[in-house]
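Have a look at model-v9.cif; it's mmCIF, C-alpha atoms:
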```cif
data_upload
#
loop_
_atom_site.label_atom_id
_atom_site.label_comp_id
_atom_site.auth_asym_id
_atom_site.auth_seq_id
_atom_site.Cartn_x
_atom_site.Cartn_y
_atom_site.Cartn_z
CA MET R 1 143.63 99.59 114.97
CA ARG R 2 140.79 100.78 117.17
CA ALA R 3 138.57 98.47 119.17
CA ALA R 4 134.92 98.19 118.12
CA GLY R 5 133.74 99.88 121.30
CA ASP R 6 135.71 103.02 120.45
CA HIS R 7 133.57 103.80 117.45
CA PRO R 8 130.67 106.20 117.96
CA ASN R 9 128.04 103.95 116.42
CA ASN R 10 130.22 100.89 116.83
CA LEU R 11 128.83 97.65 115.53
CA PHE R 12 125.43 98.93 114.43
CA VAL R 13 127.09 100.54 111.42
CA LEU R 14 128.21 97.15 110.23
CA ILE R 15 124.78 95.61 110.71
CA ASP R 16 122.94 98.36 108.85
CA GLY R 17 125.54 98.69 106.10
CA ASP R 18 124.29 102.22 105.41
CA ASP R 19 127.58 103.89 106.16
CA THR R 20 129.96 101.96 103.97
CA ALA R 21 131.36 105.24 102.68
CA ASP R 22 132.30 106.20 106.23
CA LYS R 23 136.07 106.02 106.67
CA THR R 24 135.67 104.09 109.93
CA TYR R 25 133.55 101.42 108.28
CA GLU R 26 136.41 99.55 106.62
CA GLU R 27 138.56 99.86 109.71
CA LEU R 28 135.75 98.48 111.84
CA ARG R 29 135.08 95.65 109.43
CA LYS R 30 138.72 94.57 109.54
CA HIS R 31 138.69 94.71 113.31
CA VAL R 32 135.62 92.50 113.55
CA GLU R 33 137.21 89.90 111.28
CA SER R 34 139.92 89.36 113.84
CA CYS R 35 137.87 89.84 117.02
CA GLN R 36 135.83 86.93 118.32
CA GLU R 37 134.12 89.05 120.97
CA CYS R 38 132.87 91.57 118.40
CA ARG R 39 131.59 88.81 116.16
CA GLU R 40 129.61 87.38 119.07
CA GLU R 41 128.22 90.83 119.80
CA ILE R 42 127.17 91.28 116.18
CA ARG R 43 125.43 87.92 116.28
CA LEU R 44 123.53 89.02 119.38
CA LEU R 45 122.59 92.37 117.85
CA LYS R 46 121.32 90.63 114.75
CA SER R 47 119.23 88.32 116.92
CA VAL R 48 117.71 91.34 118.64
CA ASP R 49 116.85 92.82 115.24
CA ALA R 50 115.42 89.50 114.08
CA VAL R 51 113.16 89.31 117.11
CA PHE R 52 111.78 92.76 116.40
CA ARG R 53 111.32 91.92 112.71
CA SER R 54 109.61 88.63 113.35
CA ARG R 55 106.23 88.53 111.66
CA GLU R 56 105.03 86.53 114.63
CA PHE R 57 104.82 89.78 116.59
CA GLU R 58 103.10 91.70 113.85
CA ILE R 59 99.38 92.19 113.60
CA ASP R 60 97.24 91.41 110.58
CA ALA R 61 94.98 93.88 108.91
CA PRO R 62 91.39 93.51 110.10
CA PRO R 63 88.97 91.87 107.69
CA PHE R 64 87.31 94.20 105.21
CA GLN R 65 89.72 97.03 105.93
CA TRP R 66 89.91 97.97 102.27
CA GLU R 67 86.11 97.86 101.94
CA ARG R 68 85.81 100.27 104.85
CA ILE R 69 88.35 102.59 103.33
CA ARG R 70 86.62 102.45 99.96
CA THR R 71 83.25 103.19 101.54
CA ARG R 72 84.69 106.21 103.32
CA LEU R 73 86.41 107.32 100.12
CA GLU R 74 83.18 107.14 98.19
CA GLU R 75 81.32 109.03 100.91
CA SER R 76 83.82 111.81 101.19
CA GLN R 77 84.64 114.08 98.35
CA PRO R 78 88.12 115.52 98.41
CA ALA R 79 88.24 119.09 99.58
CA MET R 80 89.50 120.92 96.50
CA GLY R 81 91.76 123.92 96.70
CA TRP R 82 90.97 126.95 94.51
CA TRP R 83 93.69 125.96 92.03
CA GLU R 84 92.11 122.51 91.67
CA ARG R 85 88.72 124.09 91.03
CA VAL R 86 90.24 126.33 88.35
CA TYR R 87 91.93 123.30 86.81
CA GLU R 88 88.67 121.36 86.87
CA ALA R 89 86.79 124.27 85.30
CA PHE R 90 89.26 124.51 82.42
CA LYS R 91 89.51 120.86 81.60
CA PRO R 92 88.98 120.40 77.82
CA ARG R 93 85.84 118.31 78.20
CA GLN R 94 84.31 120.97 80.45
CA LEU R 95 85.23 123.76 78.06
CA ALA R 96 83.03 122.70 75.11
CA TRP R 97 79.64 123.32 76.65
CA LYS R 98 80.93 126.29 78.64
CA PHE R 99 82.13 127.90 75.41
CA ALA R 100 78.75 127.28 73.78
CA LEU R 101 76.89 128.73 76.75
CA GLY R 102 79.25 131.70 76.89
CA THR R 103 78.76 132.42 73.17
CA LEU R 104 74.98 132.27 73.50
CA LEU R 105 75.07 134.64 76.47
CA ALA R 106 77.35 137.02 74.57
CA VAL R 107 74.98 137.07 71.57
CA VAL R 108 71.93 137.67 73.73
CA LEU R 109 73.72 140.44 75.60
CA SER R 110 74.90 142.14 72.39
CA LEU R 111 71.42 142.06 70.87
CA SER R 112 69.94 143.47 74.07
CA VAL R 113 72.40 146.37 74.06
CA LEU R 114 71.73 147.11 70.39
CA GLU R 115 68.00 146.96 70.90
CA TYR R 116 68.26 149.26 73.88
CA HIS R 117 70.21 151.82 71.86
CA ARG R 118 67.69 151.64 69.06
CA TYR R 119 64.89 152.03 71.57
CA ILE R 120 66.28 155.14 73.25
CA GLU R 121 66.94 156.80 69.90
CA ARG R 122 63.54 156.22 68.38
CA ASN R 123 60.22 155.87 70.04
CA GLN R 124 57.58 153.50 68.77
CA PHE R 125 56.50 155.96 66.05
CA GLY R 126 60.05 156.32 64.74
CA ALA R 127 60.60 159.78 66.16
CA LEU R 128 63.81 160.66 67.94
CA VAL R 129 63.61 160.67 71.70
CA ALA R 130 66.13 162.44 73.87
CA TYR R 131 66.25 162.05 77.61
CA SER R 132 68.75 164.89 78.17
CA GLU R 133 70.17 167.87 76.32
CA SER R 134 73.49 166.15 75.65
CA GLU R 135 71.68 163.13 74.33
CA ARG R 136 69.51 165.30 72.13
CA GLN R 137 72.64 166.89 70.67
CA ARG R 138 74.17 163.52 70.08
CA ILE R 139 71.04 162.22 68.41
CA GLU R 140 70.71 165.22 66.18
CA SER R 141 74.35 165.28 65.17
CA ALA R 142 75.09 164.44 61.54
CA ASP R 143 77.22 161.44 62.63
CA ASN R 144 74.23 159.59 64.00
CA PRO R 145 73.11 157.12 61.35
CA PHE R 146 69.77 156.69 63.12
CA ARG R 147 69.01 160.39 63.02
CA SER R 148 65.41 161.16 62.05
CA PRO R 149 65.13 162.64 58.59
CA SER R 150 64.77 166.42 58.64
CA ALA R 151 62.17 168.34 56.67
CA ALA R 152 64.67 168.92 53.88
CA GLN R 153 65.36 165.22 53.62
CA THR R 154 61.70 164.31 53.53
CA GLU R 155 61.31 166.11 50.20
CA ASN R 156 60.04 163.77 47.57
CA PRO R 157 63.04 163.00 45.41
CA PHE R 158 60.77 162.41 42.45
CA THR R 159 59.46 165.95 42.54
CA ARG R 160 62.82 167.22 41.36
CA PHE R 161 62.64 165.14 38.28
CA GLN R 162 58.99 165.78 37.57
CA ILE R 163 58.52 166.16 33.87
CA GLN R 164 57.07 169.45 32.86
CA ASP R 165 54.58 168.42 30.19
CA ASP R 166 53.45 171.42 28.22
CA ARG R 167 51.45 169.46 25.70
CA SER R 168 47.72 169.86 25.87
CA ASN R 169 45.57 166.90 26.41
CA PRO R 170 44.03 165.91 23.17
CA PHE R 171 41.22 164.20 24.97
CA ALA R 172 40.39 167.08 27.12
CA ILE R 173 36.86 168.27 26.80
CA PRO R 174 37.05 171.66 25.33
CA MET P 1 110.72 101.41 92.84
CA LYS P 2 109.54 99.20 90.02
CA SER P 3 108.01 100.87 87.00
CA GLU P 4 104.75 98.92 87.46
CA GLN P 5 104.44 100.25 91.00
CA ALA P 6 105.10 103.77 89.78
CA GLU P 7 102.43 103.29 87.14
CA ILE P 8 99.93 102.07 89.76
CA ILE P 9 100.65 105.13 91.88
CA ARG P 10 100.17 107.41 88.87
CA ARG P 11 96.85 105.75 88.09
CA ALA P 12 95.75 106.13 91.71
CA ARG P 13 96.78 109.76 91.52
CA ASP P 14 94.33 110.17 88.65
CA GLY P 15 91.57 108.81 90.88
CA ASP P 16 91.66 105.13 89.92
CA LEU P 17 90.22 103.30 92.95
CA GLU P 18 91.37 99.87 91.74
CA ALA P 19 94.96 101.14 91.56
CA PHE P 20 94.58 102.55 95.04
CA ARG P 21 93.32 99.19 96.26
CA GLN P 22 96.56 97.65 94.99
CA ILE P 23 98.52 100.29 96.87
CA HIS P 24 96.61 99.42 100.01
CA GLU P 25 97.34 95.75 99.45
CA GLU P 26 101.05 96.51 99.13
CA TYR P 27 101.50 99.00 101.96
CA GLY P 28 98.48 98.47 104.23
CA ARG P 29 100.06 95.91 106.52
CA ARG P 30 103.33 97.83 106.83
CA ILE P 31 101.61 101.06 107.74
CA LEU P 32 99.30 99.24 110.16
CA ASN P 33 102.26 97.69 111.96
CA PHE P 34 104.26 100.89 111.99
CA ILE P 35 101.37 102.63 113.73
CA TYR P 36 100.80 99.63 115.98
CA ARG P 37 104.43 99.71 117.11
CA MET P 38 104.17 103.41 117.77
CA LEU P 39 100.92 103.25 119.73
CA ASP P 40 100.80 99.71 121.09
CA SER P 41 97.07 99.59 120.42
CA ARG P 42 95.48 97.48 117.75
CA GLU P 43 92.24 99.48 117.68
CA ASP P 44 94.03 102.81 117.30
CA ALA P 45 96.35 101.34 114.69
CA GLU P 46 93.40 100.10 112.64
CA ASP P 47 91.59 103.44 112.85
CA LEU P 48 94.64 105.47 112.01
CA THR P 49 95.57 103.21 109.11
CA GLN P 50 92.19 103.95 107.58
CA ASN P 51 92.78 107.67 108.07
CA VAL P 52 96.23 107.40 106.52
CA PHE P 53 94.90 105.82 103.35
CA LEU P 54 91.98 108.25 103.11
CA GLN P 55 94.35 111.16 103.44
CA ALA P 56 96.80 109.60 101.02
CA PHE P 57 94.09 109.23 98.39
CA HIS P 58 92.98 112.82 98.75
CA GLU P 59 96.50 114.25 98.81
CA LEU P 60 98.01 111.98 96.17
CA GLY P 61 97.51 114.62 93.49
CA ARG P 62 100.05 116.81 95.22
CA LEU P 63 102.75 114.15 95.24
CA GLN P 64 105.19 115.21 92.54
CA ASN P 65 107.70 112.38 92.71
CA VAL P 66 106.07 108.96 92.80
CA GLU P 67 109.46 107.41 93.61
CA ARG P 68 109.15 108.89 97.07
CA PHE P 69 105.65 107.54 97.61
CA GLU P 70 106.55 105.15 100.41
CA SER P 71 108.40 107.75 102.47
CA TRP P 72 105.50 110.11 101.84
CA LEU P 73 103.01 107.48 103.07
CA TYR P 74 105.05 106.83 106.20
CA ARG P 75 105.16 110.58 106.83
CA ILE P 76 101.37 110.70 106.74
CA ALA P 77 101.23 107.76 109.15
CA ARG P 78 103.72 109.44 111.45
CA ASN P 79 101.70 112.67 111.40
CA GLU P 80 98.56 110.74 112.27
CA VAL P 81 100.34 109.14 115.22
CA TYR P 82 101.62 112.47 116.48
CA GLN P 83 98.18 114.04 116.10
CA LEU P 84 96.77 111.30 118.28
CA PHE P 85 99.53 111.90 120.78
CA ARG P 86 98.66 115.59 120.83
CA ARG P 87 94.97 114.84 121.34
CA ARG P 88 95.83 112.56 124.22
CA ARG P 89 98.53 114.75 125.63
CA GLY P 90 98.38 114.70 129.36
CA GLU P 91 96.70 111.33 129.46
CA ALA P 92 99.08 108.43 129.17
CA THR P 93 101.79 109.71 126.84
CA PRO P 94 105.32 110.24 128.05
CA HIS P 95 106.30 113.73 129.12
CA GLU P 96 109.10 113.79 126.58
CA LEU P 97 106.50 113.67 123.88
CA LEU P 98 107.15 116.03 121.00
CA SER P 99 109.97 117.76 122.83
CA PRO P 100 113.21 117.09 121.02
CA THR P 101 115.71 115.11 123.03
CA GLN P 102 118.92 117.00 123.46
CA GLU P 103 122.21 115.41 122.59
CA GLY P 104 123.62 113.60 125.58
CA GLU P 105 120.45 114.08 127.58
CA HIS P 106 119.74 111.28 130.04
CA LEU P 107 116.84 109.15 128.92
CA ASP P 108 114.63 107.99 131.69
CA PHE P 109 113.52 104.66 130.33
CA GLU P 110 110.91 103.14 132.53
CA VAL P 111 111.25 99.47 131.84
CA ARG P 112 109.14 97.74 134.42
CA ASP P 113 110.79 94.38 134.50
CA GLU P 114 114.17 93.72 133.01
CA ARG P 115 114.97 90.58 134.92
CA PRO P 116 115.91 87.75 132.60
CA THR P 117 113.73 84.74 132.97
CA PRO P 118 115.23 81.25 133.06
CA GLN P 119 116.10 79.78 129.69
CA ASP P 120 113.44 77.12 129.76
CA SER P 121 110.64 79.58 130.52
CA ILE P 122 111.30 82.03 127.73
CA LEU P 123 108.32 81.74 125.48
CA ASN P 124 107.25 83.77 122.54
CA GLU P 125 104.65 85.51 124.65
CA GLU P 126 107.37 86.73 126.97
CA LEU P 127 109.53 87.83 124.12
CA GLY P 128 106.56 89.61 122.59
CA GLU P 129 105.90 91.28 125.91
CA ALA P 130 109.57 92.26 126.15
CA ILE P 131 109.41 93.84 122.69
CA ARG P 132 106.40 95.86 123.73
CA ARG P 133 108.14 96.93 126.91
CA VAL P 134 111.21 98.05 125.01
CA LEU P 135 109.19 100.02 122.50
CA ASN P 136 106.89 101.57 125.09
CA SER P 137 109.83 102.63 127.20
CA LEU P 138 111.34 104.57 124.31
CA PRO P 139 110.28 108.19 123.82
CA PRO P 140 108.34 108.54 120.53
CA LYS P 141 111.24 110.37 118.91
CA LEU P 142 113.50 107.36 119.42
CA ARG P 143 110.76 104.82 118.95
CA GLU P 144 109.87 106.01 115.46
CA VAL P 145 113.45 105.86 114.16
CA PHE P 146 113.99 102.51 115.83
CA VAL P 147 110.84 101.01 114.33
CA LEU P 148 111.68 102.36 110.90
CA ALA P 149 115.32 101.23 111.00
CA VAL P 150 115.05 97.88 112.68
CA ILE P 151 111.55 96.60 111.97
CA HIS P 152 110.86 98.25 108.63
CA GLU P 153 114.49 98.11 107.52
CA LYS P 154 114.56 101.64 106.15
CA SER P 155 117.85 103.27 105.31
CA TYR P 156 119.12 106.19 107.38
CA SER P 157 118.42 108.65 104.57
CA GLU P 158 114.86 107.34 104.10
CA ILE P 159 114.24 107.71 107.82
CA SER P 160 115.69 111.20 107.76
CA ASP P 161 113.23 112.02 104.95
CA ILE P 162 110.27 110.52 106.82
CA VAL P 163 110.88 112.11 110.20
CA GLY P 164 112.26 115.37 108.84
CA ARG P 165 115.43 115.37 110.89
CA SER P 166 119.10 115.46 110.00
CA LEU P 167 120.93 112.27 109.15
CA LEU P 168 123.22 112.70 112.12
CA SER P 169 120.33 113.15 114.54
CA VAL P 170 118.62 110.06 113.10
CA LYS P 171 121.75 107.94 113.37
CA THR P 172 122.36 109.02 116.95
CA ASP P 173 118.79 108.23 117.95
CA ILE P 174 118.85 104.85 116.25
CA PHE P 175 122.05 104.02 118.07
CA ARG P 176 120.61 105.04 121.43
CA ALA P 177 117.39 103.13 120.90
CA ARG P 178 119.24 100.05 119.70
CA SER P 179 121.59 100.11 122.64
CA HIS P 180 118.59 100.15 124.92
CA ALA P 181 116.89 97.31 123.02
CA ARG P 182 120.05 95.27 123.15
CA LYS P 183 120.36 95.89 126.87
CA VAL P 184 116.84 94.62 127.57
CA LEU P 185 116.43 91.87 125.00
CA GLY P 186 120.06 90.75 125.11
CA LYS P 187 119.38 89.21 128.48
CA TYR P 188 116.70 86.99 127.03
CA LEU P 189 118.70 86.07 123.97
CA GLU P 190 121.94 85.38 125.85
CA VAL P 191 120.06 83.03 128.10
CA GLN P 192 118.69 81.28 125.03
CA ARG P 193 122.14 80.74 123.52
#
```
Could you render the structure as structure tokens?
Amino acid sequence: MRAAGDHPNNLFVLIDGDDTADKTYEELRKHVESCQECREEIRLLKSVDAVFRSREFEIDAPPFQWERIRTRLEESQPAMGWWERVYEAFKPRQLAWKFALGTLLAVVLSLSVLEYHRYIERNQFGALVAYSESERQRIESADNPFRSPSAAQTENPFTRFQIQDDRSNPFAIP
Amino acid sequence: MKSEQAEIIRRARDGDLEAFRQIHEEYGRRILNFIYRMLDSREDAEDLTQNVFLQAFHELGRLQNVERFESWLYRIARNEVYQLFRRRRGEATPHELLSPTQEGEHLDFEVRDERPTPQDSILNEELGEAIRRVLNSLPPKLREVFVLAVIHEKSYSEISDIVGRSLLSVKTDIFRARSHARKVLGKYLEVQR
């Protein structure tokens, strides 16, 4: 059996009890049981620890420490990282009004684009307006539903079905 | 950790100030005294404790495992202490500061007065002074593990987690610091027996 002094962390291991799995722990414990000198040493080491742990040598928190901390906490906002900002922005309660605002903006934008297209294709008198040759071709193409009616289209559809009345007017003044 | 404590930490993590007040009530004194032992200055300890809790509140959201809250809090306190050391580097801090002590390296402890006083004159004030001398004579690297192991009764693995060093390195440093403390304070205590 080895003497206590031969162990690398000798008697401190026994005091701390953190290394009970260590193979030397049990050996050391048995040695101490039969060694008066080691037991005295352990007692002294425990006294040293007790002195350091004594609350008598501790300091107390200053009065109002928590109040000071709370004041500083309330004054300072935590510096948020970009991921925290993204998280904050997508919180469910934040999403409702953002969705509503986004929808409104989308509607306004869509209407503006439509109105713009209608504007560039017809001037205020309803005639087609082209700002370039390619645009003119596009406007005049048959695919364009907003195309201005051509002369052929402006024909009065009722003229085709005009009744040819050959009867003479009985009330006509001879 | 008890489930109630874990719940309090979770609430504080969600920004509940009342829960955080309870955390301060639970850990405030411990952190204050850890810093005090490291710096030997009440004013600095009080200031840094405030900083620790402010930082803890702001960073709490990033703490994944609430079970490790205490170690995490001590780590913040330790960082605050080392930041102060860095700011004051070259003033009154030991030259070994922040430089890792090599295995087997001779430690130049500068204990001013190790003479045991007669049994009848050993008073608490003297013992308190002796404690301060022991702690101040230890390089910060040894002092922190000693304070955590002996005064705050942390396990070796907890200390390893807090200081970010291997278990073996922590155990060796605790042993060296304790041997020194026993050498200085043993004289007082043997006289008392």
Item to check | Protein and nucleic acid residues near (93.9, 115.2, 101.5) (cut-off 12 Å, all atoms listed in the file) as a PyMOL selection string | outcome: (chain R and resi 73+76-81) or (chain P and resi 13+51-63+76)
Item to check | Given the PyMOL selection byres ((chain P) within 9 of (chain R)), the residues it picks as a PyMOL selection string | outcome: chain P and resi 17+21+24-25+28-29+32-33+36-37+42+46+50-51+53-54+57-59+124+127-128+131+147+149-153+155-157+171-172+175+178+181-182+185-186+189-190
Keeping only C-alpha atoms, write the selected residues as an mmCIF file, in the frame of the given file.
```
data_model
loop_
_atom_site.group_PDB
_atom_site.id
_atom_site.type_symbol
_atom_site.label_atom_id
_atom_site.label_comp_id
_atom_site.auth_asym_id
_atom_site.auth_seq_id
_atom_site.Cartn_x
_atom_site.Cartn_y
_atom_site.Cartn_z
ATOM 1 C CA LEU P 17 90.220 103.300 92.950
ATOM 2 C CA ARG P 21 93.320 99.190 96.260
ATOM 3 C CA HIS P 24 96.610 99.420 100.010
ATOM 4 C CA GLU P 25 97.340 95.750 99.450
ATOM 5 C CA GLY P 28 98.480 98.470 104.230
ATOM 6 C CA ARG P 29 100.060 95.910 106.520
ATOM 7 C CA LEU P 32 99.300 99.240 110.160
ATOM 8 C CA ASN P 33 102.260 97.690 111.960
ATOM 9 C CA TYR P 36 100.800 99.630 115.980
ATOM 10 C CA ARG P 37 104.430 99.710 117.110
ATOM 11 C CA ARG P 42 95.480 97.480 117.750
ATOM 12 C CA GLU P 46 93.400 100.100 112.640
ATOM 13 C CA GLN P 50 92.190 103.950 107.580
ATOM 14 C CA ASN P 51 92.780 107.670 108.070
ATOM 15 C CA PHE P 53 94.900 105.820 103.350
ATOM 16 C CA LEU P 54 91.980 108.250 103.110
ATOM 17 C CA PHE P 57 94.090 109.230 98.390
ATOM 18 C CA HIS P 58 92.980 112.820 98.750
ATOM 19 C CA GLU P 59 96.500 114.250 98.810
ATOM 20 C CA ASN P 124 107.250 83.770 122.540
ATOM 21 C CA LEU P 127 109.530 87.830 124.120
ATOM 22 C CA GLY P 128 106.560 89.610 122.590
ATOM 23 C CA ILE P 131 109.410 93.840 122.690
ATOM 24 C CA VAL P 147 110.840 101.010 114.330
ATOM 25 C CA ALA P 149 115.320 101.230 111.000
ATOM 26 C CA VAL P 150 115.050 97.880 112.680
ATOM 27 C CA ILE P 151 111.550 96.600 111.970
ATOM 28 C CA HIS P 152 110.860 98.250 108.630
ATOM 29 C CA GLU P 153 114.490 98.110 107.520
ATOM 30 C CA SER P 155 117.850 103.270 105.310
ATOM 31 C CA TYR P 156 119.120 106.190 107.380
ATOM 32 C CA SER P 157 118.420 108.650 104.570
ATOM 33 C CA LYS P 171 121.750 107.940 113.370
ATOM 34 C CA THR P 172 122.360 109.020 116.950
ATOM 35 C CA PHE P 175 122.050 104.020 118.070
ATOM 36 C CA ARG P 178 119.240 100.050 119.700
ATOM 37 C CA ALA P 181 116.890 97.310 123.020
ATOM 38 C CA ARG P 182 120.050 95.270 123.150
ATOM 39 C CA LEU P 185 116.430 91.870 125.000
ATOM 40 C CA GLY P 186 120.060 90.750 125.110
ATOM 41 C CA LEU P 189 118.700 86.070 123.970
ATOM 42 C CA GLU P 190 121.940 85.380 125.850
#
```
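One distance worth recording is that between CA of Val145 in chain P and CA of Val163 in chain P, which is 7.8 Å.
Among the candidates P:Ala77, P:Asp173, P:Arg132, P:Arg11, the one nearest to Asp44 in chain P when counting only C-alpha atoms is P:Ala77.
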Checklist entry - Mind pulling up the distance from CA of Gly102 in chain R to CA of Glu115 in chain R? => result 19.9 Å
Checklist entry - Could you write out as a ChimeraX atom specification the residues that the PyMOL selection byres ((chain P and resi 8) around 12) matches in the shown file? => result /P:1-7,9-26,60,66-67,69
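Here CA of His117 in chain R stands at a distance of 21.2 Å from CA of Thr103 in chain R.
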Checklist entry - Which of these, R:Leu105, R:Arg138, R:Leu14, R:Ser112, has the shortest distance to Cys38 in chain R once you count all atoms listed in the file? => result R:Leu14
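Nearest-residue note for Trp72 in chain P: choosing from P:Ile174, P:Ala130, P:Leu138, P:Ile159, the minimum distance belongs to P:Ile159, counting all atoms listed in the file.
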